[in-house]
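Asker: Pasting a structure here, questions to come.
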Amino acid sequence: MEDGDAVRTGGGLPAASRTALRGPAVRRLLALRAEKKLTAGHVRVAADALGVAERTVWRWLAAAEGDEGAAASPGAPSRAGATFTITPEVRGLLALWKGNVRAVHRELVLRAARKSPPADAPSLTTLHRAIRRVLSCAVTSKISLI
């Protein structure tokens with residue numbers, strides 16, 4: 001048995017089990033809230049059982065009220081922050097602007113603003129990160145072929 005699978009000396013659950021129980025616990029707390037029966041005591045007990053702070057459980061509840069995905073897997077990164085990927089359009093803009101990421105970003109912002117309704121463009125930092133990720137993967141795959 002690995003350390004993460006071991007039962008804690010205080011009789012608590014292993015870390016993997018506590019993580020797996022987050023969703024059911026949050027859904028139950030939401031049901032109690034809907035019935036107007038949720039108390040701070042319920043949140044305190046859930047936080048203790050899950051090995052997190054009470055404030056964390058309150059944040060999970062707030063996030064889960066508007067997002068079904070947040071209720072299913074509390075504490076997991078949200079899909080709103082999903083990884084931006086380099087599309088053929090972005091590759092074409094990079095070629096057009098000779099690798100100038102700032103110019104590509106300006107163009108993406110302009111194109112997003114022209115859409116009806118206006119769309120969101122990635123931030124400059126997100127665009128840099130995505131390009132760096134693609135370039136590092138390309139370098140890694142070249143090295144592995146040698």
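The chains in the structure tokens are called A, B, ... from first to last as shown; in each chain the residues are counted from 1, and the ligands are counted from 1 in the order shown.
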Counting only C-alpha atoms, which residues in segment 26-106 of chain A sit no more than 12 Å from segment 128-134 of chain A? For each one, give the nearest pair of atoms and the distance in Å, sorted by chain then residue number, as a tab-separated table.
Answerer:
residue	atom	partner	partner_atom	distance
A:Ala82	CA	A:Ala130	CA	11.5
A:Thr83	CA	A:Ala130	CA	7.9
A:Phe84	CA	A:Ala130	CA	6.3
A:Thr85	CA	A:Ala130	CA	6.1
A:Ile86	CA	A:Ala130	CA	6.5
A:Thr87	CA	A:Ala130	CA	10.3
A:Val90	CA	A:Ile131	CA	9.5
A:Arg91	CA	A:Ile131	CA	9.4
A:Leu94	CA	A:Ile131	CA	9.8
A:Gly99	CA	A:Ile131	CA	10.0
A:Asn100	CA	A:His128	CA	10.3
A:Val101	CA	A:His128	CA	6.9
A:Arg102	CA	A:His128	CA	8.8
A:Ala103	CA	A:His128	CA	11.7
A:Val104	CA	A:His128	CA	10.3
A:His105	CA	A:His128	CA	9.3
Asker: Could you pull the residues within 10 Å of segment 59-68 of chain A, counting only C-alpha atoms, minus those fewer than 4 positions along the same chain, as a PyMOL selection string?
Answerer: chain A and resi 22-23+25-27+29-30+33+43+54-55+72-76+78
Asker: Which polymer residues have any atom within 9 Å of an atom of segment 118-122 of chain A, counting only C-alpha atoms, with same-chain residues fewer than 4 positions away left out, as a PyMOL selection string?
Answerer: chain A and resi 84+105+108-114+126-127
Asker: Name the residues of chain A that come out as helix (DSSP H, G or I) in a backbone DSSP run; write them as a ChimeraX atom specification.
Answerer: /A:3-5,15-20,22-34,40-50,54-66,68-72,79-81,88-96,101-114,124-145
Asker: Here is a test: counting only C-alpha atoms, which residue of A:Val57, A:Pro14, A:Cys137, A:Leu32 is nearest to Val45 of chain A?
Answerer: A:Val57
Asker: What gap, in Å, lies between atom CA of Ala47 of chain A and atom CA of Ala71 of chain A?
Answerer: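 Rounded to one decimal, the two atoms are 15.2 Å apart.
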Asker: Can you work out the spacing between atom CA of Gly41 of chain A and atom CA of Ala53 of chain A in Å, to one decimal?
Answerer: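 Those two atoms sit 12.9 Å apart.
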Asker: Go ahead and compute the interatomic distance for atom CA of Ala49 of chain A and atom CA of Arg28 of chain A, in Å to one decimal.
Answerer: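 Distance reported for this atom pair: 13.7 Å.
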